[in-house]
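Student: Just data26.cif, nothing more (mmCIF, C-alpha atoms):
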```cif
data_upload
loop_
_atom_site.group_PDB
_atom_site.id
_atom_site.type_symbol
_atom_site.label_atom_id
_atom_site.label_comp_id
_atom_site.auth_asym_id
_atom_site.auth_seq_id
_atom_site.Cartn_x
_atom_site.Cartn_y
_atom_site.Cartn_z
ATOM 1 C CA GLU A 1 0.000 0.000 0.000
ATOM 2 C CA PHE A 2 2.918 2.398 0.558
ATOM 3 C CA ASP A 3 4.188 1.919 -3.003
ATOM 4 C CA ASN A 4 0.983 3.423 -4.395
ATOM 5 C CA MET A 5 1.639 6.745 -6.172
ATOM 6 C CA ASN A 6 -1.136 8.398 -4.113
ATOM 7 C CA TRP A 7 0.996 8.150 -0.961
ATOM 8 C CA GLN A 8 3.967 9.933 -2.511
ATOM 9 C CA PHE A 9 2.221 13.293 -2.343
ATOM 10 C CA THR A 10 0.341 12.989 0.960
ATOM 11 C CA PRO A 11 2.884 12.843 3.803
ATOM 12 C CA TYR A 12 0.286 13.877 6.414
ATOM 13 C CA ALA A 13 -1.970 10.962 5.533
ATOM 14 C CA ALA A 14 1.020 8.616 5.654
ATOM 15 C CA LEU A 15 2.091 10.025 9.040
ATOM 16 C CA MET A 16 -1.420 9.503 10.378
ATOM 17 C CA LEU A 17 -1.473 5.909 9.165
ATOM 18 C CA LEU A 18 2.005 5.219 10.543
ATOM 19 C CA THR A 19 1.012 6.740 13.904
ATOM 20 C CA LEU A 20 -2.119 4.609 14.101
ATOM 21 C CA ARG A 21 -0.103 1.514 13.268
ATOM 22 C CA ALA A 22 2.418 2.351 16.012
ATOM 23 C CA GLN A 23 -0.359 2.967 18.547
ATOM 24 C CA HIS A 24 -1.750 -0.496 17.825
ATOM 25 C CA GLY A 25 1.638 -2.178 18.187
ATOM 26 C CA PHE A 26 2.409 -2.759 14.503
ATOM 27 C CA GLU A 27 5.890 -2.186 13.133
ATOM 28 C CA ASN A 28 6.177 0.535 10.537
ATOM 29 C CA PRO A 29 8.112 0.209 7.292
ATOM 30 C CA ASP A 30 10.543 2.914 6.225
ATOM 31 C CA PHE A 31 8.373 5.083 4.001
ATOM 32 C CA GLU A 32 10.136 7.469 1.622
ATOM 33 C CA HIS A 33 8.561 10.656 0.305
ATOM 34 C CA PRO A 34 10.160 12.537 -2.630
ATOM 35 C CA GLY A 35 10.018 15.888 -0.802
ATOM 36 C CA PHE A 36 10.284 14.884 2.866
ATOM 37 C CA GLY A 37 12.644 11.920 2.742
ATOM 38 C CA ASN A 38 12.058 9.179 5.302
ATOM 39 C CA VAL A 39 8.572 9.944 6.662
ATOM 40 C CA THR A 40 8.785 7.186 9.271
ATOM 41 C CA SER A 41 11.622 9.064 10.984
ATOM 42 C CA LEU A 42 9.305 12.088 11.401
ATOM 43 C CA LEU A 43 7.066 10.192 13.836
ATOM 44 C CA LEU A 44 7.191 11.404 17.413
ATOM 45 C CA THR A 45 8.710 8.759 19.640
ATOM 46 C CA GLN A 46 7.084 10.006 22.842
ATOM 47 C CA PRO A 47 3.481 11.026 23.429
ATOM 48 C CA VAL A 48 2.785 14.738 23.426
ATOM 49 C CA ALA A 49 1.049 16.056 26.536
ATOM 50 C CA PRO A 50 -2.108 18.027 25.795
ATOM 51 C CA LYS A 51 -1.964 21.775 26.400
ATOM 52 C CA LYS A 52 -4.760 23.938 27.729
ATOM 53 C CA ASP A 53 -6.138 26.328 25.167
ATOM 54 C CA GLU A 54 -7.508 29.433 26.870
ATOM 55 C CA VAL A 55 -9.444 30.555 23.792
ATOM 56 C CA LEU A 56 -11.131 27.161 23.530
ATOM 57 C CA LYS A 57 -11.867 27.224 27.258
ATOM 58 C CA GLN A 58 -13.560 30.631 26.904
ATOM 59 C CA LEU A 59 -15.554 29.355 23.920
ATOM 60 C CA VAL A 60 -16.794 26.346 25.885
ATOM 61 C CA VAL A 61 -17.851 28.608 28.765
ATOM 62 C CA LYS A 62 -19.835 30.762 26.301
ATOM 63 C CA LEU A 63 -21.414 27.666 24.764
ATOM 64 C CA HIS A 64 -22.482 26.452 28.206
ATOM 65 C CA GLU A 65 -23.938 29.893 28.985
ATOM 66 C CA GLN A 66 -26.023 29.579 25.808
ATOM 67 C CA GLY A 67 -27.362 26.167 26.869
ATOM 68 C CA PHE A 68 -25.079 23.807 24.948
ATOM 69 C CA ASP A 69 -24.612 20.459 26.714
ATOM 70 C CA GLU A 70 -21.852 18.392 25.100
ATOM 71 C CA LYS A 71 -22.655 15.326 27.222
ATOM 72 C CA ALA A 72 -26.225 15.256 25.896
ATOM 73 C CA PHE A 73 -24.965 15.990 22.383
ATOM 74 C CA LEU A 74 -22.483 13.081 22.453
ATOM 75 C CA ALA A 75 -24.887 10.615 24.125
#
```
Mind turning the file's structure into C-alpha cells?

Tutor:
Amino acid sequence: EFDNMNWQFTPYAALMLLTLRAQHGFENPDFEHPGFGNVTSLLLTQPVAPKKDEVLKQLVVKLHEQGFDEKAFLA
C-alpha cells in the first residue's frame, strides 16, 4: 500500500497511518517521500502532553452559557 503513487504526495496521511499503526503495536516500514525523505523518521517517539487552550476554554464557557450540553450531544 505504501508503493501506491497516491501516498507519494500525501505525507500527512502517511504520518497519520504510521502513527495509528504504532499505537496499535504494529511495526512501521521505512516510508520514503520525494520531498520529505524518510517519513517514518518524522514520527514522534514520545506522546505529546495536551496543552490547555484558553481561547477554547472561553468558547466552551460561552457555549455552556447559551445552553449547549456536550454530554447530551455526544450521548

Student: Please measure the separation of CA of Ala72 in chain A and CA of Lys51 in chain A, giving the value in Å to one decimal.

Tutor: 25.1 Å

Student: Of the candidates A:Leu43, A:Val60, A:Pro29, A:His24, which shows the shortest atom-to-atom distance to Tyr12 in chain A, using only C-alpha atoms?

Tutor: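 Ranked by minimum distance to Tyr12 in chain A, first place goes to A:Leu43.
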
Student: Quick check, in Å to one decimal: how far apart do CA of Gly37 in chain A and CA of Leu20 in chain A lie?

Tutor: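 Separating CA of Gly37 in chain A from CA of Leu20 in chain A is a distance of 20.0 Å.
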
Student: Residues proximal to (2.5, 4.9, 5.7) were defined as those with any atom within 9 Å of that point in the file's coordinates, counting only C-alpha atoms. Which are they, as a PDB file with C-alpha atoms, keeping the file's coordinate frame?

Tutor:
```pdb
ATOM      1  CA  GLU A   1       0.000   0.000   0.000  1.00  0.00           C
ATOM      2  CA  PHE A   2       2.918   2.398   0.558  1.00  0.00           C
ATOM      3  CA  TRP A   7       0.996   8.150  -0.961  1.00  0.00           C
ATOM      4  CA  PRO A  11       2.884  12.843   3.803  1.00  0.00           C
ATOM      5  CA  ALA A  13      -1.970  10.962   5.533  1.00  0.00           C
ATOM      6  CA  ALA A  14       1.020   8.616   5.654  1.00  0.00           C
ATOM      7  CA  LEU A  15       2.091  10.025   9.040  1.00  0.00           C
ATOM      8  CA  MET A  16      -1.420   9.503  10.378  1.00  0.00           C
ATOM      9  CA  LEU A  17      -1.473   5.909   9.165  1.00  0.00           C
ATOM     10  CA  LEU A  18       2.005   5.219  10.543  1.00  0.00           C
ATOM     11  CA  THR A  19       1.012   6.740  13.904  1.00  0.00           C
ATOM     12  CA  ARG A  21      -0.103   1.514  13.268  1.00  0.00           C
ATOM     13  CA  ASN A  28       6.177   0.535  10.537  1.00  0.00           C
ATOM     14  CA  PRO A  29       8.112   0.209   7.292  1.00  0.00           C
ATOM     15  CA  ASP A  30      10.543   2.914   6.225  1.00  0.00           C
ATOM     16  CA  PHE A  31       8.373   5.083   4.001  1.00  0.00           C
ATOM     17  CA  VAL A  39       8.572   9.944   6.662  1.00  0.00           C
ATOM     18  CA  THR A  40       8.785   7.186   9.271  1.00  0.00           C
TER      19      THR A  40
END
```

Student: Mind pulling up the distance from CA of Val48 in chain A to CA of Lys62 in chain A?

Tutor: 27.9 Å

Student: Starting from the incomplete input, reconstruct all heavy atoms of range 51-62 of chain A and report them as a tab-separated table (two decimals), in the frame of the given file.

Tutor:
```tsv
chain	number	residue	atom	x	y	z
A	51	LYS	N	-2.10	20.45	25.81
A	51	LYS	CA	-1.96	21.78	26.40
A	51	LYS	C	-3.34	22.40	26.53
A	51	LYS	O	-4.22	22.13	25.73
A	51	LYS	CB	-1.08	22.66	25.52
A	51	LYS	CG	0.35	22.21	25.46
A	51	LYS	CD	1.18	23.20	24.66
A	51	LYS	CE	2.62	22.75	24.61
A	51	LYS	NZ	3.46	23.69	23.89
A	52	LYS	N	-3.49	23.23	27.55
A	52	LYS	CA	-4.76	23.94	27.73
A	52	LYS	C	-4.80	25.11	26.76
A	52	LYS	O	-3.84	25.86	26.63
A	52	LYS	CB	-4.91	24.43	29.16
A	52	LYS	CG	-5.10	23.30	30.14
A	52	LYS	CD	-5.39	23.82	31.52
A	52	LYS	CE	-5.59	22.65	32.46
A	52	LYS	NZ	-5.96	23.08	33.80
A	53	ASP	N	-5.93	25.25	26.11
A	53	ASP	CA	-6.14	26.33	25.17
A	53	ASP	C	-7.13	27.30	25.79
A	53	ASP	O	-8.32	26.99	25.93
A	53	ASP	CB	-6.68	25.76	23.85
A	53	ASP	CG	-6.83	26.82	22.77
A	53	ASP	OD1	-6.92	28.01	23.10
A	53	ASP	OD2	-6.88	26.43	21.60
A	54	GLU	N	-6.66	28.47	26.19
A	54	GLU	CA	-7.51	29.43	26.87
A	54	GLU	C	-8.65	29.93	25.99
A	54	GLU	O	-9.76	30.15	26.46
A	54	GLU	CB	-6.68	30.61	27.39
A	54	GLU	CG	-5.81	30.25	28.58
A	54	GLU	CD	-6.61	29.71	29.77
A	54	GLU	OE1	-7.69	30.27	30.08
A	54	GLU	OE2	-6.17	28.72	30.37
A	55	VAL	N	-8.40	30.10	24.71
A	55	VAL	CA	-9.44	30.56	23.79
A	55	VAL	C	-10.55	29.50	23.70
A	55	VAL	O	-11.74	29.81	23.77
A	55	VAL	CB	-8.87	30.89	22.40
A	55	VAL	CG1	-9.98	31.21	21.41
A	55	VAL	CG2	-7.88	32.02	22.49
A	56	LEU	N	-10.15	28.24	23.58
A	56	LEU	CA	-11.13	27.16	23.53
A	56	LEU	C	-11.91	27.08	24.84
A	56	LEU	O	-13.12	26.88	24.84
A	56	LEU	CB	-10.45	25.83	23.22
A	56	LEU	CG	-11.35	24.61	23.16
A	56	LEU	CD1	-12.41	24.78	22.08
A	56	LEU	CD2	-10.54	23.36	22.94
A	57	LYS	N	-11.21	27.26	25.95
A	57	LYS	CA	-11.87	27.22	27.26
A	57	LYS	C	-12.93	28.33	27.35
A	57	LYS	O	-14.05	28.08	27.81
A	57	LYS	CB	-10.83	27.40	28.36
A	57	LYS	CG	-11.37	27.29	29.75
A	57	LYS	CD	-10.25	27.40	30.77
A	57	LYS	CE	-10.78	27.41	32.19
A	57	LYS	NZ	-9.71	27.57	33.17
A	58	GLN	N	-12.60	29.53	26.89
A	58	GLN	CA	-13.56	30.63	26.90
A	58	GLN	C	-14.75	30.34	25.99
A	58	GLN	O	-15.89	30.66	26.32
A	58	GLN	CB	-12.87	31.93	26.48
A	58	GLN	CG	-11.86	32.43	27.48
A	58	GLN	CD	-11.03	33.59	26.93
A	58	GLN	OE1	-11.35	34.13	25.88
A	58	GLN	NE2	-9.97	33.94	27.64
A	59	LEU	N	-14.48	29.72	24.85
A	59	LEU	CA	-15.55	29.36	23.92
A	59	LEU	C	-16.51	28.36	24.56
A	59	LEU	O	-17.73	28.49	24.46
A	59	LEU	CB	-14.96	28.78	22.63
A	59	LEU	CG	-15.97	28.22	21.63
A	59	LEU	CD1	-16.86	29.34	21.10
A	59	LEU	CD2	-15.25	27.51	20.51
A	60	VAL	N	-15.96	27.36	25.24
A	60	VAL	CA	-16.79	26.35	25.88
A	60	VAL	C	-17.65	26.98	26.98
A	60	VAL	O	-18.83	26.65	27.13
A	60	VAL	CB	-15.93	25.19	26.43
A	60	VAL	CG1	-16.74	24.23	27.29
A	60	VAL	CG2	-15.27	24.44	25.28
A	61	VAL	N	-17.08	27.90	27.74
A	61	VAL	CA	-17.85	28.61	28.76
A	61	VAL	C	-19.02	29.34	28.12
A	61	VAL	O	-20.16	29.27	28.60
A	61	VAL	CB	-16.94	29.57	29.57
A	61	VAL	CG1	-17.77	30.52	30.43
A	61	VAL	CG2	-15.96	28.79	30.42
A	62	LYS	N	-18.77	30.04	27.01
A	62	LYS	CA	-19.84	30.76	26.30
A	62	LYS	C	-20.90	29.80	25.78
A	62	LYS	O	-22.10	30.08	25.86
A	62	LYS	CB	-19.27	31.57	25.13
A	62	LYS	CG	-18.50	32.78	25.54
A	62	LYS	CD	-19.45	33.86	25.96
A	62	LYS	CE	-18.66	35.13	26.21
A	62	LYS	NZ	-19.44	36.16	26.85
```
